[in-house]
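This is structure14.csv. It holds CSV, C-alpha atoms.
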chain,number,residue,atom,x,y,z
O,1,MET,CA,174.0,133.1,144.1
O,2,ARG,CA,177.0,132.8,146.5
O,3,LYS,CA,176.5,131.7,150.1
O,4,VAL,CA,180.0,131.7,151.5
O,5,GLU,CA,182.4,134.6,151.6
O,6,THR,CA,185.9,134.2,150.2
O,7,VAL,CA,188.8,134.6,152.6
O,8,VAL,CA,192.4,135.1,151.3
O,9,LEU,CA,195.2,135.1,153.8
O,10,ILE,CA,197.8,137.7,153.1
O,11,LYS,CA,201.3,136.6,154.1
O,12,ALA,CA,203.5,137.0,151.0
O,13,ASP,CA,203.5,139.1,147.8
O,14,ALA,CA,202.1,136.2,145.8
O,15,ASP,CA,198.9,136.4,148.0
O,16,ILE,CA,198.3,139.9,146.7
O,17,VAL,CA,197.9,138.4,143.2
O,18,THR,CA,195.6,135.6,144.6
O,19,ALA,CA,193.4,138.1,146.4
O,20,ARG,CA,192.8,140.3,143.4
O,21,GLN,CA,192.2,137.3,141.1
O,22,HIS,CA,189.5,136.1,143.5
O,23,GLY,CA,188.1,139.6,143.7
O,24,ARG,CA,187.9,139.9,139.9
O,25,ALA,CA,186.3,136.5,139.6
O,26,LEU,CA,183.6,137.5,142.1
O,27,ALA,CA,183.2,140.9,140.3
O,28,VAL,CA,182.6,139.1,137.1
O,29,GLU,CA,180.0,136.8,138.8
O,30,ILE,CA,178.2,139.8,140.2
O,31,GLY,CA,178.1,141.4,136.7
O,32,PHE,CA,180.5,144.4,137.0
O,33,SER,CA,181.7,145.9,133.8
O,34,ARG,CA,185.3,145.4,132.7
O,35,SER,CA,186.3,148.9,133.9
O,36,GLU,CA,184.7,148.3,137.3
O,37,GLN,CA,186.4,144.9,137.5
O,38,ALA,CA,189.8,146.7,137.0
O,39,LEU,CA,189.0,149.2,139.7
O,40,ILE,CA,188.0,146.5,142.1
O,41,ALA,CA,191.1,144.4,141.4
O,42,THR,CA,193.3,147.4,141.8
O,43,ALA,CA,191.6,148.4,145.1
O,44,ILE,CA,192.1,144.8,146.5
O,45,SER,CA,195.8,144.9,145.3
O,46,GLU,CA,196.4,148.2,147.2
O,47,ALA,CA,194.5,147.0,150.3
O,48,ALA,CA,196.4,143.7,150.4
O,49,ARG,CA,199.7,145.6,149.9
O,50,ASN,CA,198.9,147.8,152.9
O,51,ILE,CA,198.4,144.7,155.1
O,52,LEU,CA,201.7,143.2,154.0
O,53,GLN,CA,203.6,146.4,154.4
O,54,TYR,CA,202.3,147.5,157.8
O,55,ALA,CA,201.1,144.3,159.5
O,56,HIS,CA,203.1,141.6,157.6
O,57,ASN,CA,200.0,139.4,157.6
O,58,GLY,CA,196.2,139.6,157.6
O,59,GLU,CA,193.3,138.7,155.4
O,60,ILE,CA,191.1,139.9,152.6
O,61,VAL,CA,187.5,138.9,152.8
O,62,LEU,CA,185.3,139.1,149.7
O,63,ASP,CA,181.6,138.9,149.5
O,64,HIS,CA,178.6,139.6,147.3
O,65,ILE,CA,176.3,142.2,148.9
O,66,LYS,CA,172.9,143.7,148.3
O,67,ASP,CA,171.2,146.7,149.8
O,68,GLY,CA,167.7,147.4,148.5
O,69,ASP,CA,168.1,147.6,144.7
O,70,LYS,CA,171.8,148.1,145.0
O,71,GLU,CA,174.2,145.2,144.3
O,72,GLY,CA,177.9,145.0,144.8
O,73,ILE,CA,181.0,143.6,146.3
O,74,LEU,CA,182.3,143.9,149.8
O,75,ILE,CA,186.0,143.9,150.5
O,76,ILE,CA,187.3,143.7,154.0
O,77,ALA,CA,191.1,144.1,154.6
O,78,ARG,CA,191.8,143.0,158.2
O,79,ASP,CA,195.0,142.7,160.1
O,80,GLU,CA,196.2,142.6,163.7
O,81,GLY,CA,199.2,144.9,163.0
O,82,PRO,CA,200.3,148.0,164.8
O,83,GLY,CA,197.2,150.0,163.9
O,84,ILE,CA,196.9,153.6,162.6
O,85,LYS,CA,197.4,156.4,165.1
O,86,ASP,CA,195.2,159.0,163.3
O,87,THR,CA,192.7,157.4,160.9
O,88,GLN,CA,191.5,160.9,159.7
O,89,LEU,CA,195.0,161.9,158.8
O,90,ALA,CA,195.5,158.6,157.0
O,91,MET,CA,192.6,159.6,154.7
O,92,VAL,CA,194.2,162.9,153.7
O,93,ASP,CA,195.6,162.8,150.1
O,94,GLY,CA,199.4,162.8,150.0
O,95,TYR,CA,199.8,161.6,153.5
O,96,SER,CA,201.8,158.4,154.0
O,97,SER,CA,203.2,157.2,157.3
O,98,SER,CA,205.6,154.9,155.6
O,99,GLY,CA,207.5,157.5,153.8
O,100,GLY,CA,206.0,157.5,150.3
O,101,LEU,CA,205.6,153.8,149.7
O,102,GLY,CA,202.2,153.2,148.2
O,103,LEU,CA,199.5,155.8,147.6
O,104,GLY,CA,197.8,155.1,150.8
O,105,LEU,CA,194.1,155.1,151.5
O,106,PRO,CA,192.9,158.1,149.5
O,107,GLY,CA,194.1,156.3,146.3
O,108,ILE,CA,191.9,153.3,147.2
O,109,LYS,CA,189.0,155.5,148.1
O,110,ARG,CA,188.9,157.0,144.6
O,111,LEU,CA,188.4,153.4,143.1
O,112,VAL,CA,185.4,152.4,145.2
O,113,SER,CA,181.9,153.6,146.3
O,114,GLU,CA,182.3,153.5,150.1
O,115,MET,CA,185.3,153.1,152.4
O,116,ASP,CA,185.4,152.8,156.2
O,117,LEU,CA,188.6,152.7,158.3
O,118,LYS,CA,188.7,151.4,161.8
O,119,SER,CA,191.9,151.0,163.7
O,120,THR,CA,193.1,150.5,167.2
O,121,LEU,CA,196.8,151.1,168.1
O,122,GLY,CA,198.4,147.9,169.0
O,123,LYS,CA,195.3,145.9,168.0
O,124,GLY,CA,195.0,146.2,164.3
O,125,THR,CA,193.2,147.7,161.4
O,126,THR,CA,190.0,146.9,159.5
O,127,LEU,CA,189.4,148.6,156.1
O,128,THR,CA,185.8,148.0,154.8
O,129,ILE,CA,185.3,148.7,151.2
O,130,LYS,CA,182.0,148.6,149.2
O,131,LYS,CA,181.7,149.0,145.4
O,132,TRP,CA,178.2,149.1,144.0
O,133,LYS,CA,177.4,148.1,140.5
O,134,MET,CA,176.1,150.9,138.3
O,135,TRP,CA,172.4,150.3,137.8
O,136,ASN,CA,171.5,149.1,134.3
O,137,SER,CA,175.0,150.2,133.2
O,138,HIS,CA,175.4,150.5,129.4
O,139,ALA,CA,179.0,149.7,129.9
O,140,GLN,CA,178.1,146.2,130.8
O,141,GLN,CA,176.5,145.5,127.5
O,142,ASN,CA,179.3,147.2,125.5
O,143,ASP,CA,182.1,145.3,127.1
S,1,MET,CA,208.6,132.4,139.9
S,2,MET,CA,207.1,133.5,136.7
S,3,GLN,CA,209.9,133.9,134.1
S,4,VAL,CA,209.3,136.7,131.6
S,5,PRO,CA,210.7,135.7,128.2
S,6,ILE,CA,213.2,138.3,126.9
S,7,LEU,CA,213.7,138.1,123.1
S,8,LYS,CA,216.6,139.8,121.3
S,9,GLN,CA,215.6,141.4,118.0
S,10,GLY,CA,218.4,143.3,116.3
S,11,ASN,CA,219.6,146.0,118.7
S,12,TYR,CA,216.4,145.7,120.8
S,13,LEU,CA,215.2,143.5,123.6
S,14,ILE,CA,211.5,142.6,123.9
S,15,ALA,CA,210.2,141.5,127.3
S,16,THR,CA,206.6,140.2,127.0
S,17,ILE,CA,204.9,139.6,130.3
S,18,GLN,CA,202.8,136.4,130.0
S,19,SER,CA,200.7,136.4,133.1
S,20,ALA,CA,200.0,138.2,136.4
S,21,LEU,CA,203.3,138.9,138.1
S,22,THR,CA,204.1,139.0,141.8
S,23,ASP,CA,206.3,141.8,143.2
S,24,ALA,CA,209.3,139.5,143.2
S,25,ASP,CA,208.7,138.5,139.5
S,26,LEU,CA,208.6,142.2,138.5
S,27,ILE,CA,211.8,143.0,140.4
S,28,GLN,CA,213.5,140.0,138.8
S,29,LEU,CA,212.5,141.3,135.3
S,30,ARG,CA,213.9,144.7,136.2
S,31,ASP,CA,217.3,143.3,137.2
S,32,GLU,CA,217.4,140.9,134.4
S,33,LEU,CA,216.8,143.6,131.8
S,34,ALA,CA,219.4,145.8,133.3
S,35,ALA,CA,221.9,143.0,133.0
S,36,ARG,CA,220.9,141.9,129.5
S,37,VAL,CA,221.2,145.4,127.9
S,38,GLY,CA,224.9,145.2,128.9
S,39,GLN,CA,225.3,141.6,127.7
S,40,TYR,CA,223.8,142.3,124.3
S,41,ARG,CA,224.8,146.0,124.0
S,42,THR,CA,221.1,146.8,123.5
S,43,ARG,CA,220.0,150.2,122.3
S,44,GLY,CA,216.3,149.8,123.1
S,45,VAL,CA,213.9,147.8,125.2
S,46,VAL,CA,210.2,147.1,124.8
S,47,ILE,CA,208.3,146.1,127.9
S,48,ASP,CA,205.0,144.6,126.9
S,49,VAL,CA,202.4,144.7,129.7
S,50,THR,CA,199.4,143.8,127.5
S,51,VAL,CA,198.3,140.9,129.7
S,52,LEU,CA,198.5,142.8,133.0
S,53,ASP,CA,195.0,143.3,134.3
S,54,VAL,CA,196.2,145.4,137.3
S,55,ILE,CA,199.0,148.0,137.4
S,56,ASP,CA,199.0,149.1,141.0
S,57,SER,CA,201.3,151.5,142.9
S,58,PHE,CA,204.0,149.0,143.3
S,59,SER,CA,203.9,148.0,139.7
S,60,VAL,CA,204.2,151.6,138.6
S,61,ARG,CA,207.1,152.3,140.9
S,62,THR,CA,208.9,149.2,139.6
S,63,LEU,CA,208.2,149.9,136.0
S,64,ARG,CA,209.4,153.5,136.5
S,65,ALA,CA,212.6,152.2,138.2
S,66,MET,CA,213.1,149.7,135.3
S,67,VAL,CA,212.9,152.4,132.6
S,68,GLN,CA,215.2,154.7,134.5
S,69,MET,CA,217.8,151.9,135.2
S,70,LEU,CA,217.8,151.0,131.5
S,71,LYS,CA,218.3,154.6,130.6
S,72,LEU,CA,221.3,154.8,132.9
S,73,ARG,CA,222.6,151.7,131.2
S,74,GLY,CA,222.3,153.5,127.8
S,75,ALA,CA,219.2,151.9,126.5
S,76,GLU,CA,215.9,153.6,125.6
S,77,ALA,CA,212.8,151.8,127.0
S,78,VAL,CA,209.2,151.9,126.2
S,79,ILE,CA,206.2,150.4,128.0
S,80,VAL,CA,203.5,149.1,125.6
S,81,GLY,CA,200.1,147.5,125.8
S,82,ILE,CA,198.5,149.2,128.8
S,83,GLN,CA,194.8,148.2,128.5
S,84,PRO,CA,192.1,150.9,128.5
S,85,GLU,CA,190.5,149.7,131.8
S,86,VAL,CA,193.9,149.4,133.4
S,87,ALA,CA,194.7,152.9,132.3
S,88,PHE,CA,191.4,154.1,133.8
S,89,ALA,CA,192.1,152.4,137.1
S,90,MET,CA,195.6,153.9,137.2
S,91,VAL,CA,194.2,157.4,136.6
S,92,GLN,CA,191.6,156.9,139.4
S,93,LEU,CA,194.3,155.5,141.8
S,94,GLY,CA,196.5,158.5,141.0
S,95,VAL,CA,199.5,156.8,139.5
S,96,THR,CA,201.2,158.0,136.4
S,97,LEU,CA,204.0,157.2,134.0
S,98,GLU,CA,204.6,160.7,132.9
S,99,ASN,CA,208.4,160.6,132.4
S,100,GLU,CA,208.4,157.1,130.9
S,101,ALA,CA,207.7,156.4,127.2
S,102,THR,CA,204.5,154.5,126.5
S,103,ALA,CA,203.1,153.3,123.2
S,104,LEU,CA,199.9,151.5,122.1
S,105,ASP,CA,201.4,148.2,121.2
S,106,LEU,CA,204.6,146.4,120.2
S,107,GLU,CA,204.6,147.8,116.7
S,108,GLU,CA,204.3,151.4,117.9
S,109,GLY,CA,206.9,150.7,120.6
S,110,LEU,CA,209.4,149.6,117.9
S,111,VAL,CA,208.6,152.7,115.9
S,112,TYR,CA,209.3,154.8,118.9
S,113,LEU,CA,212.7,153.0,119.6
S,114,ASP,CA,213.7,153.4,115.9
S,115,GLN,CA,213.1,157.2,116.1
S,116,LYS,CA,214.9,157.5,119.5
S,117,THR,CA,217.9,155.5,118.6
S,118,LYS,CA,218.2,157.0,115.1
S,119,VAL,CA,218.5,160.5,116.7
S,120,LYS,CA,221.2,159.2,119.0
S,121,ASP,CA,223.1,157.6,116.1
S,122,ARG,CA,223.0,160.9,114.1
S,123,HIS,CA,224.5,162.7,117.1
S,124,ALA,CA,227.1,160.1,117.5
S,125,GLN,CA,228.2,160.5,113.9
S,126,GLY,CA,228.0,164.3,113.8
In structure tokens, write the structure found in this file.
Amino acid sequence: MRKVETVVLIKADADIVTARQHGRALAVEIGFSRSEQALIATAISEAARNILQYAHNGEIVLDHIKDGDKEGILIIARDEGPGIKDTQLAMVDGYSSSGGLGLGLPGIKRLVSEMDLKSTLGKGTTLTIKKWKMWNSHAQQND
Amino acid sequence: MMQVPILKQGNYLIATIQSALTDADLIQLRDELAARVGQYRTRGVVIDVTVLDVIDSFSVRTLRAMVQMLKLRGAEAVIVGIQPEVAFAMVQLGVTLENEATALDLEEGLVYLDQKTKVKDRHAQG
């Protein structure tokens, strides 16, 4: 299928649209249902927005992944921004260090299967997201 | 810049989003609608988001601000055309449009505005 990952540089608000369009295209290719495509595109949008808001620039990496009989999409949002002081607190619902802009990471978490946050103060942040395709999903045939 | 066409129909304005919008495009639409309702003395506005495949936290905040600004300018506004999978993603993400009017499509949106502005007219006369 695909051999090369897609990298979208995030530097301006238009790049958010580009990133989620690439993500949706890949999700279609992998065979996600329409509902799942919307969840993926929304997760990418929020992740790219975080980069722009906190680090001003960074990148979104998209890839097709497989693990045993699971198949899905990998989304990495990476920046070299200020980093997050308390990554556990950042995962608490309702917490936002920027004063209420954006829904933060718990919102993204609800859209995907797995999410991992790694951050070093002064070095940057890497958010790794995985969304697995529902096995033999009926939704896919109905859409 | 993606211009969103704003059509004037009687006392209403209809803004139909034609493609994915950047944050700047959405803000431009918000400001333009707020200006146009004064220019045309508009009573109601339909914001048609049928083509949007993602409504994220920023879009929701901006749509909310748009509806509230229009209300402050004396016009009722209704958001129409949120697609089922977009609605699902919004619910999962945790964003809502609870205080803003929404309707299934343009037709339902116009019915909503007719009802809303009729009530207003009656009060104005009585």
For each of O:Lys130, O:Ile73, O:Asp86, O:Asp67, take the minimum atom-to-atom distance to O:Ala25, counting only C-alpha atoms, then give the residue where this is smallest. O:Ile73
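With distances restricted to all atoms listed in the file, O:Leu111 is the closest residue to chain S from O:Ala47, O:Leu52, O:Val61, O:Leu111.
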Using 8 Å as the limit and counting only C-alpha atoms, can you tabulate each residue of chain O that touches chain S, with its shortest atom-to-atom distance in Å and the two atoms involved, as a Markdown table?
| residue | atom | partner | partner_atom | distance |
| --- | --- | --- | --- | --- |
| O:Asp13 | CA | S:Asp23 | CA | 6.0 |
| O:Ala14 | CA | S:Thr22 | CA | 5.3 |
| O:Ile16 | CA | S:Thr22 | CA | 7.6 |
| O:Val17 | CA | S:Thr22 | CA | 6.4 |
| O:Arg34 | CA | S:Glu85 | CA | 6.8 |
| O:Ser35 | CA | S:Glu85 | CA | 4.8 |
| O:Ala38 | CA | S:Glu85 | CA | 6.0 |
| O:Leu39 | CA | S:Ala89 | CA | 5.2 |
| O:Ala41 | CA | S:Val54 | CA | 6.6 |
| O:Thr42 | CA | S:Val54 | CA | 5.7 |
| O:Ser45 | CA | S:Asp56 | CA | 6.8 |
| O:Glu46 | CA | S:Asp56 | CA | 6.8 |
| O:Gly102 | CA | S:Ser57 | CA | 5.6 |
| O:Leu103 | CA | S:Ser57 | CA | 6.6 |
| O:Gly107 | CA | S:Leu93 | CA | 4.6 |
| O:Ile108 | CA | S:Leu93 | CA | 6.3 |
| O:Arg110 | CA | S:Gln92 | CA | 5.9 |
| O:Leu111 | CA | S:Gln92 | CA | 6.0 |
Exercise: stretch 108-120 of chain S partners within 10 Å, all atoms listed in the file, chain neighbours under 6 positions left out, as a list of chain:residue names: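 The residues that qualify are S:Asn11, S:Tyr12, S:Ile14, S:Arg43, S:Gly44, S:Val45, S:Val46, S:Ile47, S:Asp48, S:Ala75, S:Glu76, S:Ala77, S:Val78, S:Ile79, S:Val80, S:Gly81, S:Ala101, S:Thr102, S:Gly126.
Distances from O:Gln21, O:Ser33, O:Asn57, O:Thr128 to O:Ile75 were compared using only C-alpha atoms, and the smallest one belongs to O:Thr128.
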Show me the residues around (170.5, 144.6, 146.3) - criterion: an atom at most 12 Å away, only C-alpha atoms counted - as a ChimeraX atom specification. /O:30,64-73,132-135
Residues of the last selection are to be written out with C-alpha atoms, as a short mmCIF file (atom, residue, chain, number, x, y, z; two decimals), in the frame of the given file.
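Listing of result_3.cif after writing:
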data_model
loop_
_atom_site.label_atom_id
_atom_site.label_comp_id
_atom_site.auth_asym_id
_atom_site.auth_seq_id
_atom_site.Cartn_x
_atom_site.Cartn_y
_atom_site.Cartn_z
CA ILE O 30 178.20 139.80 140.20
CA HIS O 64 178.60 139.60 147.30
CA ILE O 65 176.30 142.20 148.90
CA LYS O 66 172.90 143.70 148.30
CA ASP O 67 171.20 146.70 149.80
CA GLY O 68 167.70 147.40 148.50
CA ASP O 69 168.10 147.60 144.70
CA LYS O 70 171.80 148.10 145.00
CA GLU O 71 174.20 145.20 144.30
CA GLY O 72 177.90 145.00 144.80
CA ILE O 73 181.00 143.60 146.30
CA TRP O 132 178.20 149.10 144.00
CA LYS O 133 177.40 148.10 140.50
CA MET O 134 176.10 150.90 138.30
CA TRP O 135 172.40 150.30 137.80
#
Enter the distance from atom CA of O:Glu114 to atom CA of O:Leu89, in Å, rounded to one decimal.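 Between atom CA of O:Glu114 and atom CA of O:Leu89 the gap is 17.5 Å.
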Put stretch 22-98 of chain S into a file with C-alpha atoms, as a short mmCIF file (atom, residue, chain, number, x, y, z; two decimals), in the first residue's frame.
data_model
loop_
_atom_site.label_atom_id
_atom_site.label_comp_id
_atom_site.auth_asym_id
_atom_site.auth_seq_id
_atom_site.Cartn_x
_atom_site.Cartn_y
_atom_site.Cartn_z
CA THR S 22 -9.21 28.43 7.37
CA ASP S 23 -9.53 30.20 10.71
CA ALA S 24 -8.97 33.54 8.98
CA ASP S 25 -11.76 32.79 6.46
CA LEU S 26 -14.22 32.01 9.24
CA ILE S 27 -13.33 35.18 11.14
CA GLN S 28 -13.76 37.16 7.94
CA LEU S 29 -17.24 35.67 7.47
CA ARG S 30 -18.13 36.57 11.08
CA ASP S 31 -17.12 40.21 10.60
CA GLU S 32 -18.67 40.50 7.18
CA LEU S 33 -22.04 39.18 8.37
CA ALA S 34 -22.02 41.54 11.35
CA ALA S 35 -21.45 44.44 8.94
CA ARG S 36 -23.98 43.30 6.32
CA VAL S 37 -26.91 42.91 8.74
CA GLY S 38 -26.57 46.65 9.39
CA GLN S 39 -26.15 47.52 5.74
CA TYR S 40 -29.26 45.58 4.67
CA ARG S 41 -31.25 45.92 7.92
CA THR S 42 -31.43 42.14 8.03
CA ARG S 43 -33.77 40.35 10.44
CA GLY S 44 -32.37 36.89 10.09
CA VAL S 45 -29.26 35.04 8.92
CA VAL S 46 -28.79 31.45 7.80
CA ILE S 47 -25.25 30.09 8.07
CA ASP S 48 -25.05 26.97 5.90
CA VAL S 49 -22.19 24.65 6.95
CA THR S 50 -23.28 21.62 4.89
CA VAL S 51 -19.89 21.27 3.15
CA LEU S 52 -17.80 21.45 6.32
CA ASP S 53 -16.31 18.01 7.03
CA VAL S 54 -14.77 19.15 10.31
CA ILE S 55 -16.13 21.50 12.95
CA ASP S 56 -13.41 21.68 15.58
CA SER S 57 -13.08 23.71 18.79
CA PHE S 58 -12.06 26.87 16.94
CA SER S 59 -14.89 26.59 14.42
CA VAL S 60 -17.41 26.13 17.22
CA ARG S 61 -16.10 29.12 19.16
CA THR S 62 -16.21 31.28 16.04
CA LEU S 63 -19.69 30.13 15.01
CA ARG S 64 -20.89 30.82 18.54
CA ALA S 65 -19.37 34.31 18.46
CA MET S 66 -20.91 34.87 15.03
CA VAL S 67 -24.44 34.02 16.20
CA GLN S 68 -24.05 36.14 19.35
CA MET S 69 -22.68 39.12 17.42
CA LEU S 70 -25.55 38.95 14.95
CA LYS S 71 -28.02 38.80 17.83
CA LEU S 72 -26.43 41.91 19.34
CA ARG S 73 -26.91 43.55 15.94
CA GLY S 74 -30.61 42.68 16.06
CA ALA S 75 -30.69 39.68 13.74
CA GLU S 76 -31.62 36.10 14.51
CA ALA S 77 -29.13 33.55 13.18
CA VAL S 78 -29.43 29.83 12.58
CA ILE S 79 -26.71 27.34 11.68
CA VAL S 80 -27.87 24.71 9.19
CA GLY S 81 -26.47 21.58 7.56
CA ILE S 82 -24.23 20.01 10.21
CA GLN S 83 -23.58 16.54 8.75
CA PRO S 84 -24.26 13.43 10.88
CA GLU S 85 -20.61 12.35 11.09
CA VAL S 86 -19.55 15.92 11.90
CA ALA S 87 -22.17 16.03 14.67
CA PHE S 88 -20.80 12.71 16.00
CA ALA S 89 -17.21 14.05 16.02
CA MET S 90 -18.36 17.25 17.76
CA VAL S 91 -20.08 15.26 20.50
CA GLN S 92 -17.02 13.03 20.98
CA LEU S 93 -14.72 16.06 21.09
CA GLY S 94 -17.03 17.70 23.61
CA VAL S 95 -18.07 20.84 21.75
CA THR S 96 -21.66 22.01 21.66
CA LEU S 97 -23.89 24.66 20.14
CA GLU S 98 -26.47 24.61 22.92
#
